>>> print(open('structure-v4.tsv').read())   # TSV, C-alpha atoms
chain	number	residue	atom	x	y	z
A	1	MET	CA	141.90	152.50	127.63
A	2	TRP	CA	145.49	153.12	126.59
A	3	THR	CA	146.46	155.05	129.71
A	4	TRP	CA	148.19	152.00	131.26
A	5	PHE	CA	150.31	151.87	128.11
A	6	TYR	CA	151.22	155.57	128.04
A	7	LYS	CA	152.04	155.40	131.75
A	8	LEU	CA	154.88	153.00	130.90
A	9	ALA	CA	156.80	156.02	129.58
A	10	SER	CA	156.85	157.52	133.07
A	11	PRO	CA	159.92	156.52	135.15
A	12	PRO	CA	158.23	156.63	138.59
A	13	HIS	CA	155.36	154.49	137.28
A	14	VAL	CA	157.75	151.94	135.74
A	15	TYR	CA	159.72	151.88	138.99
A	16	GLY	CA	156.54	151.01	140.91
A	17	VAL	CA	155.34	148.39	138.40
A	18	ALA	CA	158.76	146.69	138.38
A	19	ALA	CA	158.82	146.59	142.19
A	20	ALA	CA	155.33	145.07	142.31
A	21	LEU	CA	155.93	142.44	139.58
A	22	MET	CA	159.37	141.25	140.70
A	23	PRO	CA	158.39	138.84	143.54
A	24	TRP	CA	155.67	137.16	141.42
A	25	LEU	CA	158.02	136.64	138.48
A	26	LEU	CA	160.78	135.32	140.74
A	27	GLY	CA	158.36	132.94	142.53
A	28	GLY	CA	157.00	131.66	139.21
A	29	ALA	CA	160.53	131.21	137.86
A	30	ALA	CA	161.55	129.19	140.95
A	31	LEU	CA	158.52	126.87	140.59
A	32	ALA	CA	158.94	126.36	136.83
A	33	VAL	CA	162.71	125.75	137.04
A	34	ALA	CA	162.30	123.40	140.04
A	35	TYR	CA	159.73	121.27	138.17
A	36	GLY	CA	161.75	121.38	134.95
A	37	LEU	CA	165.03	120.37	136.61
A	38	ILE	CA	163.57	117.57	138.73
A	39	ALA	CA	161.39	116.15	135.93
A	40	GLY	CA	164.06	116.66	133.28
A	41	LEU	CA	167.07	115.32	135.19
A	42	ALA	CA	165.41	112.57	137.23
A	43	PHE	CA	162.21	111.44	135.51
A	44	ALA	CA	162.51	112.05	131.76
A	45	PRO	CA	163.68	108.92	129.90
A	46	PRO	CA	167.22	108.89	128.44
A	47	ASP	CA	167.56	109.51	124.69
A	48	TYR	CA	167.87	106.47	122.42
A	49	GLN	CA	171.20	107.58	120.95
A	50	GLN	CA	172.67	110.13	123.35
A	51	GLY	CA	171.68	108.43	126.62
A	52	ASP	CA	171.78	110.70	129.64
A	53	ALA	CA	174.00	113.28	127.90
A	54	PHE	CA	170.92	114.65	126.13
A	55	ARG	CA	169.78	116.14	129.48
A	56	MET	CA	172.09	119.06	128.73
A	57	ILE	CA	169.17	120.20	126.55
A	58	TYR	CA	167.31	121.36	129.69
A	59	VAL	CA	169.73	124.24	130.23
A	60	HIS	CA	171.26	124.65	126.77
A	61	VAL	CA	168.08	125.18	124.74
A	62	PRO	CA	166.26	127.57	127.12
A	63	GLY	CA	169.50	129.57	127.51
A	64	ALA	CA	169.94	129.79	123.74
A	65	ILE	CA	166.30	130.76	123.10
A	66	LEU	CA	166.45	133.42	125.81
A	67	SER	CA	169.66	134.89	124.35
A	68	LEU	CA	167.56	135.67	121.24
A	69	THR	CA	164.38	136.70	123.08
A	70	VAL	CA	166.26	139.12	125.33
A	71	TYR	CA	167.95	140.57	122.24
A	72	MET	CA	164.58	141.24	120.60
A	73	VAL	CA	163.29	142.92	123.77
A	74	MET	CA	166.46	145.03	123.93
A	75	ALA	CA	166.19	146.03	120.25
A	76	ALA	CA	162.48	146.89	120.56
A	77	ALA	CA	163.10	148.99	123.68
A	78	SER	CA	165.99	150.73	121.89
A	79	ALA	CA	163.85	151.49	118.83
A	80	VAL	CA	161.08	152.97	121.03
A	81	ALA	CA	163.69	155.06	122.86
A	82	LEU	CA	165.26	156.31	119.62
A	83	VAL	CA	162.06	157.16	117.75
A	84	TRP	CA	159.75	158.41	120.50
A	85	ARG	CA	162.54	159.71	122.80
A	86	ILE	CA	161.17	157.64	125.68
A	87	LYS	CA	164.00	157.43	128.21
A	88	VAL	CA	162.60	154.35	129.93
A	89	GLY	CA	163.36	152.49	126.69
A	90	HIS	CA	167.10	153.12	127.17
A	91	ALA	CA	166.79	151.96	130.80
A	92	VAL	CA	165.13	148.68	129.70
A	93	ALA	CA	167.74	148.15	126.96
A	94	ALA	CA	170.64	148.90	129.32
A	95	ALA	CA	169.15	146.56	131.93
A	96	SER	CA	168.64	143.75	129.39
A	97	ALA	CA	172.07	143.70	127.71
A	98	PRO	CA	174.09	141.95	130.48
A	99	ILE	CA	171.26	139.43	131.05
A	100	GLY	CA	171.13	138.55	127.35
A	101	ALA	CA	174.93	138.34	127.17
A	102	SER	CA	174.86	135.90	130.11
A	103	PHE	CA	172.30	133.71	128.35
A	104	ALA	CA	174.39	133.74	125.16
A	105	LEU	CA	177.53	132.78	127.13
A	106	MET	CA	175.54	130.06	128.90
A	107	ALA	CA	174.34	128.63	125.56
A	108	LEU	CA	177.91	128.63	124.20
A	109	VAL	CA	179.45	127.01	127.30
A	110	THR	CA	176.77	124.33	127.78
A	111	GLY	CA	176.77	123.65	124.03
A	112	SER	CA	180.53	123.22	124.10
A	113	LEU	CA	180.34	120.77	127.03
A	114	TRP	CA	177.59	118.88	125.18
A	115	GLY	CA	179.42	118.93	121.84
A	116	ARG	CA	182.60	117.29	123.16
A	117	PRO	CA	181.07	113.90	124.05
A	118	MET	CA	178.41	113.84	121.28
A	119	TRP	CA	179.99	115.47	118.22
A	120	GLY	CA	183.59	114.92	119.25
A	121	ALA	CA	184.63	118.59	119.51
A	122	TYR	CA	184.20	121.46	121.99
A	123	TRP	CA	184.02	123.96	119.17
A	124	ALA	CA	183.62	124.04	115.39
A	125	TRP	CA	183.36	127.09	113.12
A	126	ASP	CA	179.88	125.99	112.23
A	127	PRO	CA	177.29	128.63	111.11
A	128	ARG	CA	175.10	128.19	114.22
A	129	LEU	CA	177.99	128.33	116.66
A	130	THR	CA	179.65	131.25	114.89
A	131	SER	CA	176.46	133.34	114.66
A	132	GLU	CA	175.72	132.74	118.36
A	133	LEU	CA	179.27	133.89	119.17
A	134	ILE	CA	178.66	137.03	117.08
A	135	LEU	CA	175.45	137.58	119.09
A	136	LEU	CA	177.55	137.55	122.28
A	137	PHE	CA	179.98	140.05	120.70
A	138	ILE	CA	177.10	142.36	119.70
A	139	TYR	CA	175.82	142.28	123.31
A	140	ILE	CA	179.30	143.19	124.55
A	141	GLY	CA	179.51	145.92	121.88
A	142	VAL	CA	176.16	147.42	122.96
A	143	MET	CA	177.28	147.40	126.59
A	144	SER	CA	180.67	148.98	125.95
A	145	LEU	CA	179.33	151.55	123.47
A	146	ARG	CA	176.88	152.81	126.10
A	147	SER	CA	179.68	153.54	128.53
A	148	ALA	CA	182.13	154.87	125.90
A	149	PHE	CA	180.76	158.45	125.87
A	150	GLU	CA	181.19	161.27	128.38
A	151	ASP	CA	177.59	162.29	127.78
A	152	PRO	CA	175.29	159.42	128.88
A	153	ALA	CA	172.54	160.54	126.44
A	154	ARG	CA	174.89	160.12	123.45
A	155	GLY	CA	176.05	156.74	124.77
A	156	ASP	CA	172.42	155.66	125.04
A	157	ARG	CA	171.67	156.71	121.46
A	158	ALA	CA	174.77	155.02	120.01
A	159	ALA	CA	174.09	151.79	121.92
A	160	ALA	CA	170.41	151.87	120.87
A	161	LEU	CA	171.33	152.24	117.20
A	162	LEU	CA	173.76	149.30	117.39
A	163	ALA	CA	171.12	147.22	119.19
A	164	VAL	CA	168.51	147.97	116.51
A	165	VAL	CA	170.90	147.25	113.61
A	166	GLY	CA	172.23	144.09	115.30
A	167	VAL	CA	168.73	142.58	115.23
A	168	VAL	CA	169.53	141.28	111.70
A	169	ASN	CA	171.71	138.66	113.42
A	170	VAL	CA	168.70	137.15	115.25
A	171	PRO	CA	167.13	135.42	112.20
A	172	ILE	CA	170.64	134.41	111.10
A	173	VAL	CA	171.20	132.55	114.38
A	174	HIS	CA	167.78	130.90	114.18
A	175	PHE	CA	167.90	129.87	110.50
A	176	SER	CA	171.66	129.17	110.26
A	177	VAL	CA	170.95	125.44	110.52
A	178	VAL	CA	168.56	125.68	107.55
A	179	TRP	CA	170.48	128.09	105.31
A	180	TRP	CA	173.89	126.42	105.47
A	181	ASN	CA	175.29	122.91	105.87
A	182	SER	CA	175.73	122.66	109.58
A	183	LEU	CA	177.11	120.36	112.25
A	184	HIS	CA	174.33	121.58	114.55
A	185	GLN	CA	170.99	119.81	114.10
A	186	GLY	CA	167.77	121.64	113.24
A	187	ALA	CA	165.11	123.01	115.60
A	188	THR	CA	163.34	120.53	117.90
A	189	ILE	CA	160.66	122.77	119.39
A	190	VAL	CA	160.83	126.33	117.96
A	191	LYS	CA	159.41	125.56	114.52
A	192	LEU	CA	156.14	125.08	112.67
A	193	GLY	CA	154.72	121.61	113.24
A	194	THR	CA	154.89	119.22	116.15
A	195	PRO	CA	158.00	119.06	118.37
A	196	SER	CA	160.37	116.16	117.55
A	197	MET	CA	160.21	114.92	121.12
A	198	PRO	CA	157.71	112.91	123.22
A	199	GLY	CA	155.79	114.62	126.05
A	200	SER	CA	157.82	113.00	128.84
A	201	MET	CA	160.92	114.84	127.55
A	202	LEU	CA	159.10	117.91	126.22
A	203	TRP	CA	157.13	119.13	129.27
A	204	PRO	CA	160.20	119.60	131.51
A	205	LEU	CA	161.88	121.46	128.64
A	206	LEU	CA	158.90	123.79	128.12
A	207	SER	CA	158.79	124.34	131.89
A	208	MET	CA	162.48	125.31	131.89
A	209	TRP	CA	161.81	127.68	129.00
A	210	LEU	CA	158.94	129.33	130.92
A	211	GLY	CA	161.12	129.43	134.06
A	212	PHE	CA	163.97	131.15	132.18
A	213	MET	CA	161.51	133.70	130.73
A	214	LEU	CA	160.11	134.49	134.18
A	215	PHE	CA	163.64	134.65	135.61
A	216	TYR	CA	164.60	137.16	132.91
A	217	GLY	CA	161.47	139.16	133.82
A	218	ALA	CA	162.41	139.16	137.50
A	219	VAL	CA	166.05	140.16	136.94
A	220	LEU	CA	164.92	142.77	134.39
A	221	CYS	CA	162.55	144.32	136.97
A	222	THR	CA	165.33	144.64	139.55
A	223	ARG	CA	167.83	146.00	137.02
A	224	VAL	CA	165.31	148.45	135.51
A	225	GLN	CA	164.62	149.79	139.01
A	226	ALA	CA	168.34	150.37	139.52
A	227	GLU	CA	168.72	151.97	136.06
A	228	VAL	CA	165.73	154.28	136.60
A	229	LEU	CA	166.95	155.34	140.05
A	230	ASN	CA	170.41	156.11	138.67
A	231	ARG	CA	169.10	157.97	135.63
A	232	GLU	CA	166.53	160.01	137.60
A	233	ARG	CA	168.74	160.66	140.61
A	234	GLN	CA	168.12	164.44	140.36
A	235	ALA	CA	164.32	164.03	140.42
A	236	ALA	CA	162.23	164.76	143.49
A	237	TRP	CA	160.33	161.45	143.36
A	238	VAL	CA	163.58	159.51	143.64
A	239	ARG	CA	164.43	161.30	146.90
A	240	GLU	CA	160.93	160.46	148.13
A	241	ALA	CA	161.30	156.80	147.06
A	242	ILE	CA	164.69	156.43	148.78
A	243	LYS	CA	163.51	158.14	151.96
A	244	SER	CA	160.47	155.88	152.42
B	1	MET	CA	157.13	165.94	108.70
B	2	THR	CA	157.32	165.78	112.47
B	3	PRO	CA	160.75	165.13	114.01
B	4	ARG	CA	159.41	161.88	115.47
B	5	ARG	CA	158.34	160.64	112.05
B	6	LYS	CA	161.72	161.63	110.63
B	7	ARG	CA	163.57	159.68	113.35
B	8	LEU	CA	161.34	156.67	112.68
B	9	LEU	CA	162.19	156.81	108.97
B	10	VAL	CA	165.92	157.23	109.68
B	11	VAL	CA	165.97	154.21	112.04
B	12	LEU	CA	163.90	152.10	109.62
B	13	GLY	CA	166.09	153.21	106.72
B	14	ILE	CA	169.34	152.22	108.46
B	15	LEU	CA	167.83	148.90	109.58
B	16	GLY	CA	166.46	148.23	106.10
B	17	GLY	CA	169.81	149.00	104.47
B	18	VAL	CA	171.74	146.76	106.84
B	19	ALA	CA	169.15	143.97	106.53
B	20	ALA	CA	169.25	144.16	102.72
B	21	SER	CA	173.06	144.04	102.55
B	22	VAL	CA	173.28	141.22	105.10
B	23	SER	CA	170.67	139.15	103.24
B	24	LEU	CA	172.59	139.62	100.00
B	25	ALA	CA	175.75	138.50	101.79
B	26	VAL	CA	173.92	135.49	103.23
B	27	MET	CA	172.55	134.51	99.82
B	28	ALA	CA	176.00	134.82	98.25
B	29	SER	CA	177.63	132.84	101.05
B	30	ARG	CA	175.22	129.93	100.66
B	31	GLU	CA	177.15	129.13	97.50
B	32	ASN	CA	180.60	129.79	98.92
B	33	ILE	CA	180.59	129.02	102.63
B	34	MET	CA	180.22	125.31	103.14
B	35	PHE	CA	180.83	123.84	106.54
B	36	TYR	CA	181.00	120.52	104.72
B	37	PHE	CA	180.55	119.05	101.23
B	38	ASP	CA	178.51	115.95	100.53
B	39	PRO	CA	179.90	113.00	98.56
B	40	SER	CA	178.07	114.06	95.34
B	41	GLN	CA	179.78	117.47	95.42
B	42	VAL	CA	183.13	115.79	96.07
B	43	VAL	CA	182.67	113.32	93.19
B	44	ALA	CA	181.56	116.18	90.90
B	45	GLY	CA	184.77	118.06	91.80
B	46	LYS	CA	182.92	120.95	93.48
B	47	ALA	CA	184.93	120.56	96.71
B	48	PRO	CA	188.39	122.19	96.98
B	49	LEU	CA	190.15	118.87	96.33
B	50	ALA	CA	193.66	120.33	96.51
B	51	LYS	CA	193.07	121.78	99.98
B	52	ARG	CA	191.77	120.56	103.32
B	53	PHE	CA	188.00	120.43	103.47
B	54	ARG	CA	185.18	118.70	105.34
B	55	ILE	CA	183.03	115.95	103.94
B	56	GLY	CA	179.68	115.03	105.48
B	57	GLY	CA	177.48	112.02	104.90
B	58	MET	CA	176.07	108.80	106.25
B	59	VAL	CA	178.33	105.89	107.20
B	60	VAL	CA	177.33	103.02	104.88
B	61	LYS	CA	176.05	100.00	106.83
B	62	GLY	CA	178.57	97.16	106.84
B	63	SER	CA	181.39	99.35	105.47
B	64	VAL	CA	183.33	99.95	108.72
B	65	GLU	CA	186.62	97.99	108.74
B	66	ARG	CA	189.09	98.04	111.61
B	67	LYS	CA	192.54	96.47	111.56
B	68	PRO	CA	192.99	94.29	114.67
B	69	GLY	CA	195.36	95.88	117.17
B	70	ASP	CA	195.31	99.28	115.43
B	71	ILE	CA	193.12	102.37	115.74
B	72	GLU	CA	193.03	102.84	111.98
B	73	VAL	CA	189.51	102.60	110.62
B	74	ARG	CA	188.10	102.64	107.08
B	75	PHE	CA	184.52	103.26	106.11
B	76	VAL	CA	182.43	104.54	103.21
B	77	LEU	CA	180.38	107.76	103.31
B	78	THR	CA	177.24	108.18	101.23
B	79	ASP	CA	174.58	110.80	100.47
B	80	PHE	CA	172.51	108.05	98.79
B	81	ALA	CA	173.68	109.23	95.37
B	82	HIS	CA	177.47	108.87	95.51
B	83	GLU	CA	179.97	107.21	97.85
B	84	VAL	CA	183.44	108.21	99.03
B	85	PRO	CA	185.79	105.93	101.01
B	86	VAL	CA	187.32	107.47	104.16
B	87	GLU	CA	190.44	106.49	106.13
B	88	TYR	CA	190.97	107.69	109.69
B	89	SER	CA	193.15	106.85	112.61
B	90	GLY	CA	192.22	108.35	115.94
B	91	VAL	CA	189.51	108.43	118.56
B	92	LEU	CA	185.96	108.30	117.20
B	93	PRO	CA	183.09	110.17	118.92
B	94	ASP	CA	180.56	108.12	120.95
B	95	LEU	CA	177.84	108.57	118.34
B	96	PHE	CA	179.98	107.13	115.52
B	97	ARG	CA	178.41	103.96	114.13
B	98	GLU	CA	177.09	102.54	110.87
B	99	GLY	CA	174.10	104.47	109.57
B	100	GLN	CA	175.10	107.63	111.50
B	101	GLY	CA	175.69	111.02	109.88
B	102	ILE	CA	179.29	112.19	110.35
B	103	ILE	CA	181.56	115.04	109.24
B	104	ALA	CA	185.23	114.32	108.52
B	105	HIS	CA	187.99	116.95	108.07
B	106	GLY	CA	191.00	116.14	105.89
B	107	THR	CA	192.22	115.80	102.28
B	108	MET	CA	191.70	113.55	99.27
B	109	ASN	CA	194.59	111.20	98.44
B	110	ALA	CA	195.71	110.07	94.98
B	111	GLN	CA	193.61	106.89	95.18
B	112	GLY	CA	190.37	108.89	95.54
B	113	ALA	CA	189.99	108.13	99.24
B	114	PHE	CA	189.44	110.84	101.86
B	115	VAL	CA	192.13	110.82	104.56
B	116	ALA	CA	190.59	112.34	107.70
B	117	ASP	CA	192.37	113.72	110.74
B	118	GLU	CA	189.15	114.59	112.58
B	119	VAL	CA	185.77	112.86	112.61
B	120	LEU	CA	182.72	114.57	114.17
B	121	ALA	CA	179.34	112.91	114.63
B	122	LYS	CA	176.19	114.73	113.56
B	123	HIS	CA	172.81	113.85	115.02
B	124	ASP	CA	169.30	114.96	114.09
B	125	GLU	CA	166.80	117.06	116.05
B	126	LYS	CA	164.72	114.07	117.14
B	127	TYR	CA	164.88	112.86	120.71
B	128	MET	CA	163.08	109.75	121.98
B	129	PRO	CA	163.31	107.13	124.71
B	130	PRO	CA	165.11	103.86	123.76
B	131	GLU	CA	161.85	101.82	123.92
B	132	VAL	CA	160.20	104.11	121.36
B	133	ALA	CA	163.22	103.91	119.06
B	134	ALA	CA	163.17	100.10	119.36
B	135	SER	CA	159.44	99.84	118.61
B	136	LEU	CA	159.80	102.21	115.62
B	137	LYS	CA	162.58	99.96	114.34
B	138	ASN	CA	160.37	96.87	114.79
B	139	LYS	CA	157.52	98.55	112.91
B	140	THR	CA	159.83	99.44	110.02
B	141	ALA	CA	161.19	95.88	110.03
B	142	ALA	CA	157.64	94.47	110.13
B	143	ALA	CA	156.57	96.76	107.27
B	144	ALA	CA	159.64	95.66	105.28
B	145	ALA	CA	158.81	92.00	105.98
B	146	VAL	CA	155.22	92.44	104.76
B	147	ARG	CA	156.11	94.32	101.59
B	148	PRO	CA	157.70	91.42	99.53
B	149	ILE	CA	154.34	89.54	99.49
B	150	THR	CA	152.62	92.24	97.41
>>> encode(input="structure-v4.tsv", output="structure tokens")
Amino acid sequence: MWTWFYKLASPPHVYGVAAALMPWLLGGAALAVAYGLIAGLAFAPPDYQQGDAFRMIYVHVPGAILSLTVYMVMAAASAVALVWRIKVGHAVAAASAPIGASFALMALVTGSLWGRPMWGAYWAWDPRLTSELILLFIYIGVMSLRSAFEDPARGDRAAALLAVVGVVNVPIVHFSVVWWNSLHQGATIVKLGTPSMPGSMLWPLLSMWLGFMLFYGAVLCTRVQAEVLNRERQAAWVREAIKS
Amino acid sequence: MTPRRKRLLVVLGILGGVAASVSLAVMASRENIMFYFDPSQVVAGKAPLAKRFRIGGMVVKGSVERKPGDIEVRFVLTDFAHEVPVEYSGVLPDLFREGQGIIAHGTMNAQGAFVADEVLAKHDEKYMPPEVAASLKNKTAAAAAVRPIT
């Protein structure tokens, strides 16, 4: 019953699964993002106070949520790799870091472009904005720590430890708007209770969220394949895989 | 103890230690780190009145005064307990209007007014189409009109 799960520790198996899943995830992502963008930008009604500027939400919010989701995946993979010495965990964490960093940068840039017309400032040292910036720095730290060692195994372990410890920043980013006085408003959809948004605005947003998740899955599959190939380059199965 | 179990405990221990110290720091900072102070805190003298700080509150309806031919604007901020008058000259954000939450950065002057050099608008997490906002407003107005009879 659990064999499919144990098999995920085997690099050739993961390589095959990633190759098989990738096209489906990418296709799903394209559909969900296409619906979300068209419905969100063209058909959703404008907001009563922000007008059309609120449409920035359709890229800003999914990007910001994914920057946290990807971090949790990276931290979980790192913890598995550290505790059970499963090398695939390091490959998944190494593959995730640049994707998560890109989502964090995307959330910061789109938020800045949205903040200028609505709040009146590109940037403020607000708890939400500052903790998201720290999240980006932790991603960059994890990436540079991995490559800072001669011995790749030590780099992996150091980066994994930083990734696991850095997970304390994830609830800080999420709850910063609750714990401190903040310029940033509270959560619209990721909270207990009903979303503070009517369906005509909400469905495109949820579709964008799903699309971003699937896109992360697709890019992760490709990057994990590359990581596994590089890490297992001495193994016989890799020579077989490259030959065929 | 197996090596695997030991590694698990070490990782959990480090994570637990960092989480505990960070949560202590967060709890302490809730008292000390204020992105803005509300009018009650300012009136009670809890804001750093000698230095620059931010004040946040709702613009009192009917309090916005503009001098003709000048960008200087005066308004009153409230948290529904206390009020602080604010003076500002500069460009206001699009969302600035009466009844809107705003955050101003500046200093208190000798007359007890807040002199701002930056005004940011704060909005809530609710999004809705203009028709819905208008009908909600009508319902509130209708409810308010009915109430005096009782």
>>> residues_around(input="structure-v4.tsv", residues="segment 62-69 of chain B", least_positions_apart="4", cutoff="12 Å", atoms="all atoms listed in the file", output="PyMOL selection string")
chain B and resi 58+73-78+83-90+96-100
>>> closest_atom_pairs(input="structure-v4.tsv", of="segment 28-146 of chain B", to="segment 106-118 of chain A", cutoff="7 Å", atoms="all atoms listed in the file", output="Markdown table")
| residue | atom | partner | partner_atom | distance |
| --- | --- | --- | --- | --- |
| B:Pro93 | CA | A:Met118 | CA | 6.4 |
| B:Asp94 | CA | A:Met118 | CA | 6.1 |
| B:Leu95 | CA | A:Met118 | CA | 6.1 |
| B:Ala121 | CA | A:Met118 | CA | 6.8 |
>>> interface_residues(input="structure-v4.tsv", of="chain B", to="chain A", cutoff="6 Å", atoms="only C-alpha atoms", output="PyMOL selection string")
chain B and resi 4+7-8+15+19+35+93+120-122+124-130
>>> write_last_selection(input="structure-v4.tsv", atoms="C-alpha atoms", output="short mmCIF file (atom, residue, chain, number, x, y, z; two decimals), in the frame of the given file")
data_model
loop_
_atom_site.label_atom_id
_atom_site.label_comp_id
_atom_site.auth_asym_id
_atom_site.auth_seq_id
_atom_site.Cartn_x
_atom_site.Cartn_y
_atom_site.Cartn_z
CA ARG B 4 159.41 161.88 115.47
CA ARG B 7 163.57 159.68 113.35
CA LEU B 8 161.34 156.67 112.68
CA LEU B 15 167.83 148.90 109.58
CA ALA B 19 169.15 143.97 106.53
CA PHE B 35 180.83 123.84 106.54
CA PRO B 93 183.09 110.17 118.92
CA LEU B 120 182.72 114.57 114.17
CA ALA B 121 179.34 112.91 114.63
CA LYS B 122 176.19 114.73 113.56
CA ASP B 124 169.30 114.96 114.09
CA GLU B 125 166.80 117.06 116.05
CA LYS B 126 164.72 114.07 117.14
CA TYR B 127 164.88 112.86 120.71
CA MET B 128 163.08 109.75 121.98
CA PRO B 129 163.31 107.13 124.71
CA PRO B 130 165.11 103.86 123.76
#
>>> residues_around(input="structure-v4.tsv", residues="Cys221 of chain A", least_positions_apart="6", cutoff="7 Å", atoms="all atoms listed in the file", output="list in words")
Ala18, Ala19 and Met22 of chain A
>>> atom_distance(input="structure-v4.tsv", atom1="atom CA of Phe80 of chain B", atom2="atom CA of Lys137 of chain B")
20.1 Å
>>> residues_around(input="structure-v4.tsv", residues="Ala241 of chain A", least_positions_apart="4", cutoff="10 Å", atoms="only C-alpha atoms", output="MDAnalysis selection string")
chainID A and resid 12 15:16 229 236:237
>>> atom_distance(input="structure-v4.tsv", atom1="atom CA of Lys46 of chain B", atom2="atom CA of Arg128 of chain A")
23.3 Å
>>> build_atoms(input="structure-v4.tsv", residues="segment 110-126 of chain A", atoms="N, CA and C atoms", output="short mmCIF file (atom, residue, chain, number, x, y, z; two decimals), in the coordinates of the input")
data_model
loop_
_atom_site.label_atom_id
_atom_site.label_comp_id
_atom_site.auth_asym_id
_atom_site.auth_seq_id
_atom_site.Cartn_x
_atom_site.Cartn_y
_atom_site.Cartn_z
N THR A 110 177.44 125.63 127.64
CA THR A 110 176.77 124.33 127.78
C THR A 110 176.81 123.57 126.45
N GLY A 111 176.71 124.31 125.33
CA GLY A 111 176.77 123.65 124.03
C GLY A 111 178.13 123.02 123.80
N SER A 112 179.18 123.72 124.24
CA SER A 112 180.53 123.22 124.10
C SER A 112 180.73 121.94 124.92
N LEU A 113 180.21 121.95 126.16
CA LEU A 113 180.34 120.77 127.03
C LEU A 113 179.52 119.60 126.48
N TRP A 114 178.44 119.91 125.77
CA TRP A 114 177.59 118.88 125.18
C TRP A 114 178.21 118.38 123.87
N GLY A 115 178.84 119.28 123.14
CA GLY A 115 179.42 118.93 121.84
C GLY A 115 180.61 117.99 121.96
N ARG A 116 181.40 118.14 123.02
CA ARG A 116 182.60 117.29 123.16
C ARG A 116 182.26 115.81 123.17
N PRO A 117 181.36 115.34 124.07
CA PRO A 117 181.07 113.90 124.05
C PRO A 117 180.24 113.46 122.84
N MET A 118 179.33 114.30 122.33
CA MET A 118 178.41 113.84 121.28
C MET A 118 179.01 114.01 119.88
N TRP A 119 179.46 115.21 119.55
CA TRP A 119 179.99 115.47 118.22
C TRP A 119 181.45 115.04 118.13
N GLY A 120 182.17 115.21 119.26
CA GLY A 120 183.59 114.92 119.25
C GLY A 120 184.44 116.17 119.28
N ALA A 121 183.84 117.35 119.48
CA ALA A 121 184.63 118.59 119.51
C ALA A 121 183.95 119.61 120.42
N TYR A 122 184.76 120.38 121.17
CA TYR A 122 184.20 121.46 121.99
C TYR A 122 183.67 122.57 121.09
N TRP A 123 184.37 122.82 120.00
CA TRP A 123 184.02 123.96 119.17
C TRP A 123 184.24 123.61 117.71
N ALA A 124 183.40 124.14 116.83
CA ALA A 124 183.62 124.04 115.39
C ALA A 124 183.15 125.37 114.80
N TRP A 125 183.79 125.82 113.72
CA TRP A 125 183.36 127.09 113.12
C TRP A 125 182.16 126.83 112.22
N ASP A 126 181.13 126.35 112.88
CA ASP A 126 179.88 125.99 112.23
C ASP A 126 179.00 127.25 112.19
#
